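*Asks:* Enclosed is the structure file query_19.cif (mmCIF, C-alpha atoms and all ligand atoms).
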```
data_model
#
loop_
_atom_site.label_atom_id
_atom_site.label_comp_id
_atom_site.auth_asym_id
_atom_site.auth_seq_id
_atom_site.Cartn_x
_atom_site.Cartn_y
_atom_site.Cartn_z
CA MET A 1 -37.92 89.34 -63.39
CA LEU A 2 -36.41 88.19 -66.66
CA LEU A 3 -32.70 88.98 -66.79
CA SER A 4 -30.25 89.79 -69.54
CA MET A 5 -28.44 86.99 -71.31
CA ARG A 6 -25.18 88.90 -70.95
CA GLN A 7 -25.28 88.49 -67.19
CA VAL A 8 -26.03 84.76 -67.47
CA LEU A 9 -23.18 84.24 -69.96
CA ASP A 10 -20.71 86.33 -67.93
CA GLU A 11 -21.49 84.15 -64.92
CA ALA A 12 -21.13 81.01 -67.04
CA ALA A 13 -17.70 82.19 -68.19
CA LYS A 14 -16.67 82.78 -64.57
CA GLY A 15 -17.85 79.30 -63.65
CA GLY A 16 -16.48 77.64 -66.80
CA TYR A 17 -19.79 76.10 -67.85
CA GLY A 18 -22.21 76.27 -70.79
CA VAL A 19 -25.90 77.19 -70.77
CA GLY A 20 -28.44 75.42 -72.95
CA ALA A 21 -30.73 77.68 -74.98
CA PHE A 22 -33.91 75.75 -75.62
CA ASN A 23 -36.51 76.71 -78.23
CA VAL A 24 -40.16 77.01 -77.29
CA ASN A 25 -43.47 77.48 -79.06
CA ASN A 26 -46.00 76.73 -76.35
CA LEU A 27 -46.87 76.42 -72.68
CA GLU A 28 -45.84 72.79 -72.30
CA GLN A 29 -42.32 73.39 -73.62
CA ILE A 30 -41.83 76.32 -71.24
CA GLN A 31 -43.11 74.22 -68.35
CA ALA A 32 -40.76 71.36 -69.26
CA ILE A 33 -37.73 73.67 -69.27
CA MET A 34 -38.65 75.42 -66.02
CA GLU A 35 -39.27 72.12 -64.21
CA ALA A 36 -35.93 70.80 -65.46
CA ALA A 37 -34.27 74.02 -64.30
CA ARG A 38 -35.80 73.69 -60.84
CA ALA A 39 -34.86 70.03 -60.54
CA THR A 40 -31.24 70.73 -61.55
CA LYS A 41 -30.97 74.25 -60.03
CA SER A 42 -30.00 75.73 -63.40
CA PRO A 43 -30.11 79.20 -64.93
CA VAL A 44 -32.01 79.01 -68.24
CA ILE A 45 -32.19 80.62 -71.66
CA ILE A 46 -35.56 80.17 -73.33
CA GLN A 47 -35.62 81.20 -76.96
CA ALA A 48 -38.33 81.85 -79.53
CA SER A 49 -37.76 81.97 -83.27
CA ARG A 50 -39.72 84.16 -85.66
CA GLY A 51 -41.79 81.08 -86.41
CA ALA A 52 -42.47 80.56 -82.71
CA ARG A 53 -43.54 84.18 -82.30
CA ALA A 54 -45.91 83.86 -85.23
CA TYR A 55 -47.26 80.52 -83.95
CA ALA A 56 -47.84 81.52 -80.32
CA ASN A 57 -48.21 85.32 -80.54
CA ASP A 58 -45.72 87.55 -78.69
CA ARG A 59 -48.18 88.52 -75.96
CA PHE A 60 -48.91 84.90 -75.07
CA LEU A 61 -45.21 84.01 -75.09
CA TYR A 62 -44.23 87.01 -73.01
CA HIS A 63 -46.90 86.52 -70.39
CA ILE A 64 -46.21 82.79 -70.05
CA MET A 65 -42.58 83.72 -69.48
CA ILE A 66 -43.56 86.26 -66.83
CA ALA A 67 -45.64 83.53 -65.18
CA ALA A 68 -42.53 81.34 -65.27
CA THR A 69 -40.54 83.96 -63.35
CA GLU A 70 -43.33 84.17 -60.75
CA ILE A 71 -43.60 80.41 -60.32
CA TYR A 72 -39.83 79.78 -60.42
CA PRO A 73 -38.36 82.92 -58.75
CA GLU A 74 -35.15 81.10 -57.85
CA ILE A 75 -34.27 80.44 -61.51
CA PRO A 76 -32.39 83.14 -63.50
CA THR A 77 -34.46 83.16 -66.71
CA VAL A 78 -33.68 84.79 -70.06
CA LEU A 79 -36.12 85.33 -72.93
CA HIS A 80 -34.13 85.40 -76.18
CA LEU A 81 -35.05 85.95 -79.83
CA ASP A 82 -33.53 83.18 -81.95
CA HIS A 83 -32.37 84.12 -85.50
CA GLY A 84 -33.77 87.63 -85.86
CA ASN A 85 -33.57 88.43 -89.57
CA GLY A 86 -33.52 92.22 -89.49
CA PHE A 87 -33.63 95.35 -87.35
CA ASP A 88 -37.43 95.50 -87.12
CA THR A 89 -37.76 91.90 -85.92
CA CYS A 90 -35.20 92.53 -83.20
CA LYS A 91 -36.76 95.87 -82.25
CA SER A 92 -40.23 94.35 -81.90
CA ALA A 93 -38.80 91.63 -79.66
CA ILE A 94 -37.08 94.26 -77.49
CA ASP A 95 -40.33 96.24 -77.30
CA THR A 96 -42.22 93.09 -76.31
CA GLY A 97 -39.87 92.44 -73.38
CA PHE A 98 -37.33 89.94 -74.70
CA THR A 99 -34.14 90.43 -72.68
CA SER A 100 -31.85 89.23 -75.44
CA VAL A 101 -31.96 89.12 -79.23
CA MET A 102 -30.02 87.38 -81.95
CA MET A 103 -29.42 89.45 -85.06
CA ASP A 104 -28.48 86.83 -87.62
CA GLY A 105 -26.94 89.07 -90.26
CA SER A 106 -24.92 86.18 -91.67
CA LEU A 107 -27.93 85.66 -93.91
CA MET A 108 -30.07 88.12 -95.81
CA PRO A 109 -33.60 88.68 -94.41
CA ASP A 110 -34.84 85.65 -96.40
CA GLY A 111 -32.93 83.44 -93.93
CA LYS A 112 -31.06 81.50 -96.61
CA THR A 113 -28.92 83.79 -98.80
CA PRO A 114 -25.45 84.41 -97.34
CA SER A 115 -24.89 88.15 -96.83
CA THR A 116 -21.77 90.28 -97.14
CA PHE A 117 -19.54 91.10 -94.18
CA GLU A 118 -20.45 94.77 -94.59
CA TYR A 119 -24.19 94.07 -94.48
CA ASN A 120 -23.76 91.90 -91.42
CA VAL A 121 -21.71 94.50 -89.53
CA ASP A 122 -24.07 97.30 -90.45
CA VAL A 123 -27.34 95.64 -89.42
CA THR A 124 -25.85 94.03 -86.30
CA ARG A 125 -24.33 97.31 -85.11
CA LYS A 126 -27.69 99.04 -85.44
CA VAL A 127 -29.35 96.32 -83.37
CA VAL A 128 -26.58 96.55 -80.74
CA GLU A 129 -27.18 100.31 -80.39
CA ALA A 130 -30.93 99.92 -79.92
CA ALA A 131 -30.64 96.87 -77.64
CA HIS A 132 -27.87 98.11 -75.38
CA ALA A 133 -29.73 101.38 -74.78
CA LYS A 134 -32.36 99.17 -73.06
CA GLY A 135 -29.88 96.81 -71.40
CA VAL A 136 -30.82 94.01 -73.79
CA THR A 137 -28.17 91.51 -74.92
CA VAL A 138 -27.22 90.91 -78.57
CA GLU A 139 -25.95 87.73 -80.17
CA GLY A 140 -24.49 88.08 -83.67
CA GLU A 141 -23.38 85.44 -86.16
CA ILE A 142 -20.35 85.27 -88.40
CA GLY A 143 -19.91 82.43 -90.85
CA VAL A 144 -23.05 80.65 -92.07
CA LEU A 145 -24.71 77.44 -90.86
CA GLY A 146 -25.40 74.72 -93.38
CA GLY A 147 -28.69 72.94 -94.02
CA ILE A 148 -32.02 74.62 -94.53
CA GLU A 149 -34.25 72.02 -92.93
CA ASP A 150 -35.60 74.33 -90.24
CA GLY A 151 -35.10 77.59 -92.12
CA HIS A 152 -32.07 79.69 -91.13
CA GLY A 153 -29.27 78.11 -93.12
CA ALA A 154 -27.53 78.41 -96.45
CA GLY A 155 -28.05 74.80 -97.50
CA GLY A 156 -25.07 72.57 -98.31
CA THR A 157 -22.98 70.61 -95.84
CA GLY A 158 -22.17 73.46 -93.48
CA LEU A 159 -18.52 73.48 -94.48
CA GLU A 160 -18.89 76.12 -97.23
CA HIS A 161 -18.98 79.12 -94.86
CA VAL A 162 -17.05 78.05 -91.78
CA THR A 163 -16.13 81.04 -89.58
CA ASP A 164 -12.80 82.73 -90.21
CA PRO A 165 -11.12 83.70 -86.88
CA GLU A 166 -9.75 87.03 -88.16
CA GLN A 167 -13.12 88.01 -89.59
CA ALA A 168 -14.74 87.01 -86.29
CA ALA A 169 -12.36 89.30 -84.39
CA LYS A 170 -13.11 92.20 -86.73
CA PHE A 171 -16.86 91.56 -86.48
CA VAL A 172 -16.83 91.66 -82.67
CA GLU A 173 -14.77 94.83 -82.64
CA LEU A 174 -16.99 96.63 -85.18
CA THR A 175 -20.35 95.57 -83.73
CA GLY A 176 -19.89 95.26 -79.95
CA VAL A 177 -21.98 92.07 -79.77
CA ASP A 178 -22.23 90.29 -76.40
CA ALA A 179 -22.11 86.77 -77.83
CA LEU A 180 -20.95 85.34 -81.11
CA ALA A 181 -22.50 82.44 -83.01
CA ILE A 182 -19.98 80.68 -85.21
CA ALA A 183 -20.25 78.16 -88.03
CA ILE A 184 -18.20 74.99 -87.62
CA GLY A 185 -20.08 72.51 -89.77
CA THR A 186 -23.35 72.12 -87.88
CA SER A 187 -26.82 72.78 -89.23
CA HIS A 188 -30.32 72.91 -87.80
CA GLY A 189 -32.68 69.95 -87.66
CA ALA A 190 -32.34 66.18 -87.40
CA TYR A 191 -30.20 65.52 -90.49
CA LYS A 192 -26.84 67.05 -89.63
CA PHE A 193 -24.40 64.24 -90.39
CA SER A 194 -24.63 60.93 -92.25
CA ARG A 195 -22.25 59.23 -89.82
CA LYS A 196 -20.86 59.93 -86.37
CA PRO A 197 -19.07 63.25 -87.03
CA ASP A 198 -15.29 63.49 -86.92
CA GLY A 199 -12.98 66.46 -87.46
CA ALA A 200 -13.56 66.35 -91.22
CA VAL A 201 -17.18 67.47 -90.86
CA LEU A 202 -17.38 68.99 -87.36
CA LYS A 203 -14.68 71.62 -87.08
CA MET A 204 -13.91 71.71 -83.38
CA ASP A 205 -10.33 72.67 -84.27
CA ARG A 206 -11.72 75.84 -85.87
CA LEU A 207 -13.75 76.59 -82.75
CA ILE A 208 -10.60 76.30 -80.64
CA GLU A 209 -8.73 78.64 -83.03
CA ILE A 210 -11.53 81.21 -82.71
CA HIS A 211 -11.47 80.92 -78.92
CA ASN A 212 -7.70 81.38 -78.86
CA ARG A 213 -8.06 84.49 -81.02
CA LEU A 214 -11.01 85.83 -78.94
CA PRO A 215 -10.59 84.32 -75.46
CA LYS A 216 -13.03 86.74 -73.78
CA VAL A 217 -15.89 86.39 -76.27
CA HIS A 218 -18.88 84.22 -75.38
CA LEU A 219 -19.22 81.73 -78.23
CA VAL A 220 -22.54 80.19 -79.28
CA MET A 221 -23.00 76.79 -80.89
CA HIS A 222 -26.11 76.53 -83.05
CA GLY A 223 -27.42 73.25 -84.38
CA SER A 224 -26.28 71.49 -81.21
CA SER A 225 -28.85 68.76 -80.88
CA SER A 226 -27.29 65.35 -80.42
CA VAL A 227 -30.16 63.53 -82.16
CA PRO A 228 -29.86 60.56 -79.77
CA GLN A 229 -30.46 57.11 -81.20
CA ASP A 230 -32.90 56.17 -78.44
CA LEU A 231 -35.17 59.11 -79.29
CA GLN A 232 -35.01 58.21 -82.99
CA ASP A 233 -35.86 54.60 -82.13
CA ILE A 234 -39.00 55.52 -80.16
CA ILE A 235 -40.33 57.57 -83.07
CA ASN A 236 -39.62 54.84 -85.61
CA LYS A 237 -40.96 52.09 -83.34
CA TYR A 238 -44.32 53.84 -83.17
CA GLY A 239 -44.80 54.49 -86.86
CA GLY A 240 -42.42 57.37 -87.54
CA LYS A 241 -40.11 57.45 -90.52
CA LEU A 242 -36.79 59.02 -89.56
CA ARG A 243 -33.86 58.21 -91.82
CA PRO A 244 -30.58 57.16 -90.15
CA THR A 245 -28.85 60.31 -88.91
CA TRP A 246 -26.29 61.72 -86.47
CA GLY A 247 -26.17 64.93 -84.45
CA VAL A 248 -23.46 66.65 -82.43
CA PRO A 249 -22.09 64.28 -79.76
CA VAL A 250 -22.36 65.71 -76.24
CA GLU A 251 -18.62 65.18 -75.67
CA GLU A 252 -17.87 67.53 -78.59
CA ILE A 253 -20.14 70.17 -77.05
CA GLN A 254 -18.29 69.70 -73.77
CA LEU A 255 -15.00 70.24 -75.61
CA GLY A 256 -16.53 73.45 -76.96
CA ILE A 257 -17.54 74.52 -73.45
CA ARG A 258 -13.94 74.07 -72.33
CA ASN A 259 -13.05 76.44 -75.19
CA GLY A 260 -15.32 79.44 -74.75
CA VAL A 261 -18.76 78.10 -75.71
CA ARG A 262 -21.26 79.60 -73.25
CA LYS A 263 -24.57 79.14 -75.09
CA VAL A 264 -25.65 75.86 -76.66
CA ASN A 265 -28.74 75.89 -78.89
CA VAL A 266 -31.00 72.86 -78.71
CA ASP A 267 -34.39 72.46 -80.35
CA THR A 268 -34.47 69.25 -82.38
CA ASP A 269 -33.75 66.87 -79.46
CA ASN A 270 -36.82 68.22 -77.68
CA ARG A 271 -38.94 67.95 -80.82
CA LEU A 272 -37.88 64.30 -81.09
CA ALA A 273 -38.66 63.60 -77.42
CA ILE A 274 -42.11 65.18 -77.68
CA THR A 275 -42.99 63.42 -80.93
CA GLY A 276 -41.85 60.01 -79.67
CA ALA A 277 -43.92 60.32 -76.50
CA ILE A 278 -47.04 61.37 -78.39
CA ARG A 279 -46.63 58.62 -81.00
CA LYS A 280 -46.31 56.05 -78.22
CA VAL A 281 -49.62 57.09 -76.63
CA PHE A 282 -51.38 57.17 -80.00
CA ALA A 283 -50.05 53.72 -80.92
CA GLU A 284 -50.62 52.04 -77.55
CA SER A 285 -53.89 53.73 -76.54
CA PRO A 286 -55.75 54.64 -79.72
CA GLU A 287 -58.94 55.03 -77.71
CA LYS A 288 -57.60 58.14 -75.93
CA PHE A 289 -58.54 61.61 -77.09
CA ASP A 290 -57.94 63.90 -74.11
CA PRO A 291 -54.93 66.07 -75.12
CA ARG A 292 -53.59 65.83 -71.57
CA ASP A 293 -53.15 62.08 -72.06
CA TYR A 294 -50.44 62.72 -74.62
CA LEU A 295 -49.22 66.24 -73.79
CA LYS A 296 -48.29 65.22 -70.25
CA PRO A 297 -45.96 62.37 -71.34
CA ALA A 298 -44.63 64.67 -74.07
CA ARG A 299 -43.81 67.36 -71.52
CA GLU A 300 -42.18 64.80 -69.24
CA ALA A 301 -40.07 63.42 -72.11
CA MET A 302 -38.84 66.92 -72.97
CA GLN A 303 -38.13 67.70 -69.33
CA LYS A 304 -35.93 64.61 -69.12
CA VAL A 305 -33.88 65.65 -72.17
CA VAL A 306 -33.50 69.23 -70.94
CA ALA A 307 -32.45 68.19 -67.42
CA LEU A 308 -29.85 65.83 -68.88
CA ARG A 309 -28.42 68.55 -71.12
CA MET A 310 -28.34 71.02 -68.20
CA THR A 311 -26.24 68.54 -66.26
CA GLN A 312 -24.02 67.75 -69.25
CA PHE A 313 -23.45 71.43 -70.10
CA GLY A 314 -22.50 72.19 -66.48
CA GLN A 315 -25.14 74.83 -65.71
CA ALA A 316 -26.77 72.55 -63.11
CA GLY A 317 -26.29 73.81 -59.56
CA HIS A 318 -25.60 77.42 -60.59
CA ALA A 319 -29.07 78.97 -60.29
CA GLY A 320 -28.36 80.45 -56.87
CA ASP A 321 -24.93 81.89 -57.64
CA TYR A 322 -26.06 85.45 -58.36
CA GLU A 323 -28.82 88.06 -58.12
CA ALA A 324 -30.47 89.16 -61.36
CA LEU A 325 -29.50 92.70 -62.41
CA PRO A 326 -32.33 94.83 -63.80
CA LEU A 327 -32.01 95.71 -67.50
CA ALA A 328 -31.61 99.38 -66.51
CA ALA A 329 -28.39 98.46 -64.67
CA MET A 330 -27.14 96.67 -67.78
CA ALA A 331 -27.99 99.74 -69.89
CA ASP A 332 -25.95 101.92 -67.50
CA ARG A 333 -23.07 99.51 -67.81
CA TYR A 334 -23.15 99.66 -71.63
CA ALA A 335 -23.23 103.47 -71.41
CA GLN A 336 -19.94 103.57 -69.47
CA PRO A 337 -16.84 104.29 -71.54
CA VAL A 338 -14.90 101.07 -72.21
CA ALA A 339 -11.87 100.84 -69.89
O1 LIG B 401 -33.22 77.88 -85.63
C1 LIG B 401 -33.92 76.89 -85.64
C2 LIG B 401 -34.77 76.55 -84.50
O2 LIG B 401 -34.80 75.16 -84.38
C3 LIG B 401 -36.15 77.16 -84.62
O3 LIG B 401 -36.82 76.57 -85.64
O4 LIG B 401 -37.72 78.44 -87.04
O5 LIG B 401 -38.75 76.15 -87.07
O6 LIG B 401 -39.02 77.66 -85.09
P1 LIG B 401 -38.17 77.24 -86.26
P1 LIG B 402 -30.94 72.00 -83.44
O1 LIG B 402 -31.79 71.90 -84.64
O2 LIG B 402 -29.68 71.19 -83.56
O3 LIG B 402 -31.67 71.68 -82.18
O4 LIG B 402 -30.45 73.52 -83.32
C1 LIG B 402 -31.28 74.51 -82.79
C2 LIG B 402 -30.74 75.88 -83.01
O5 LIG B 402 -29.60 76.11 -83.36
C3 LIG B 402 -31.69 76.99 -82.79
O6 LIG B 402 -31.15 78.23 -83.12
ZN ZN B 403 -29.79 78.33 -84.73
#
```
What does the file become when written as structure tokens?

*Replies:*
Amino acid sequence: MLLSMRQVLDEAAKGGYGVGAFNVNNLEQIQAIMEAARATKSPVIIQASRGARAYANDRFLYHIMIAATEIYPEIPTVLHLDHGNGFDTCKSAIDTGFTSVMMDGSLMPDGKTPSTFEYNVDVTRKVVEAAHAKGVTVEGEIGVLGGIEDGHGAGGTGLEHVTDPEQAAKFVELTGVDALAIAIGTSHGAYKFSRKPDGAVLKMDRLIEIHNRLPKVHLVMHGSSSVPQDLQDIINKYGGKLRPTWGVPVEEIQLGIRNGVRKVNVDTDNRLAITGAIRKVFAESPEKFDPRDYLKPAREAMQKVVALRMTQFGQAGHAGDYEALPLAAMADRYAQPVA
């Protein structure tokens, strides 16, 4: 059974750890995450973007995820929609069987134009109503990520629309979201920073202010790949052309986790690991043409990255802490008057 993200994040808050949310598009990525979860005894959040849904088809994604829950029954597993861009996208994910959705109303449906606060509240509240009636979790976003490399971002450096703590508090109150994505200078993709980030470009002080203002809210860090040098080096060694770049250092993410961050979004690091492994096989064994000869090392490389992040974020060892609640029980809980 897939469980709600709210339950996983509530447990993470109790235990004081963060949970990686890893993007997937195919079978091998799901296998890599589930194997890493089993090896480290971790609860997992697996997320699919609109692009992933279009690439793989919802029915394939959903049924592979159900297979994952059958093969790995000991792992609490969430299926989450990453960066939903409107009510209908979120609704179709809920109808498919996603147990959590992100309504990213910080941007207009085009995924790049910053929206108004009123638009964001309105669309997010509608999604919360529809989702909570089914026990499904909702992540909202306030403030806007920078970059546009992987879609979903307003461009720029990421510092133009950093989250305002008071606005964040108002947003949570008006929408009833379960988790809140904030903007603190990160962006999606490999090219986040042109040097190792310090407080001038990565606003951890702002994150701490938001946590102090909203100590009970589960915060989400998007654009949290660390873009490790060793993964960049493998790609470039085997014919790739990555420009020098820096991601979010793991110790900054760990500081975030000590200050209310419960969900940490990682996609790019896995893309790098997969690409490096495939390039290596192509360069060293150009005679090979069986896809398993390069997809297997690619899957193993991703599994290694995911297992490391699970350990670094602190979710390792927590898979057996709790029993999954059915979505119907979550729906009942949302229906109770707030104490
Ligand atoms: O939000 C960005 C994630 O890395 C997903 O990227 O939209 O290219 O699937 P995507
Ligand atoms: P990265 O591009 O840093 O991996 O971020 C992924 C993300 O935020 C997905 O929503
Ligand atoms: Zn994101």

*Asks:* Please build the interface table for segment 30-133 of chain A against segment 206-224 of chain A with a cut-off of 12 Å, listing for each qualifying residue the nearest atom pair and the distance in Å to one decimal; count all atoms listed in the file, order rows by chain and increasing number, and write it as JSON lines.

*Replies:*
```
{"residue": "A:Asp82", "atom": "CA", "partner": "A:His222", "partner_atom": "CA", "distance": 10.0}
{"residue": "A:His83", "atom": "CA", "partner": "A:His222", "partner_atom": "CA", "distance": 10.1}
{"residue": "A:Met102", "atom": "CA", "partner": "A:Val220", "partner_atom": "CA", "distance": 10.7}
{"residue": "A:Asp104", "atom": "CA", "partner": "A:His222", "partner_atom": "CA", "distance": 11.5}
```

*Asks:* What does the list of residues within 9 Å of ligand LIG 402 (chain B) look like if you count only C-alpha atoms and all ligand atoms, written as a ChimeraX atom specification?

*Replies:* /A:21-23,47-49,82-83,149-150,152,186-192,221-227,247-248,264-271

*Asks:* For atom CA of Met108 of chain A and atom CA of Leu272 of chain A, determine how far apart the two atoms are, in Å to one decimal place.

*Replies:* 29.1 Å

*Asks:* Which is closer to Asp122 of chain A than all the others in A:Ala298, A:Val101, A:Leu174, A:Ala283, using all atoms listed in the file?

*Replies:*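 Of the candidates, the smallest distance to Asp122 of chain A is held by A:Leu174.
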
*Asks:* What's the separation between atom CA of Ala277 of chain A and atom CA of Pro291 of chain A, in Å to one decimal place?

*Replies:* 12.5 Å

*Asks:* Taking (-28.4, 82.2, -66.2) in the file's own coordinates, collect the residues within 6 Å, counting only C-alpha atoms, and hand them back as a list of chain:residue names.

*Replies:*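 Protein, DNA and RNA residues close to (-28.4, 82.2, -66.2): A:Val8, A:Pro43, A:Val44, A:Pro76.
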
*Asks:* For ligand LIG 401 (chain B), which of A:Ile142, A:Ala52, A:Ile66, A:Ala13 is the closest residue, counting only C-alpha atoms and all ligand atoms?

*Replies:* A:Ala52

*Asks:* At what distance in Å, to one decimal, does atom CA of Glu11 of chain A lie from atom CA of Ala37 of chain A?

*Replies:*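 That distance, rounded to one decimal, is 16.3 Å.
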
*Asks:* Tell me, as JSON, numbers by chain, which residues lie within 10 Å of Phe60 of chain A, counting only C-alpha atoms; anything in the same chain fewer than 5 positions away does not count.

*Replies:* {"A": [26, 27, 53, 65, 66]}

*Asks:* Give me the residues within 9 Å of Pro114 of chain A as JSON, numbers by chain, counting only C-alpha atoms and dropping any in the same chain fewer than 4 places off.

*Replies:* {"A": [105, 106, 107, 108, 143, 144, 153, 154, 161]}

*Asks:* Would you be able to write out as an MDAnalysis selection string which residues have an atom within 9 Å of (-15.8, 87.9, -86.6) in the file's coordinates, counting all atoms listed in the file?

*Replies:* chainID A and resid 141:143 163:174 180 182 210
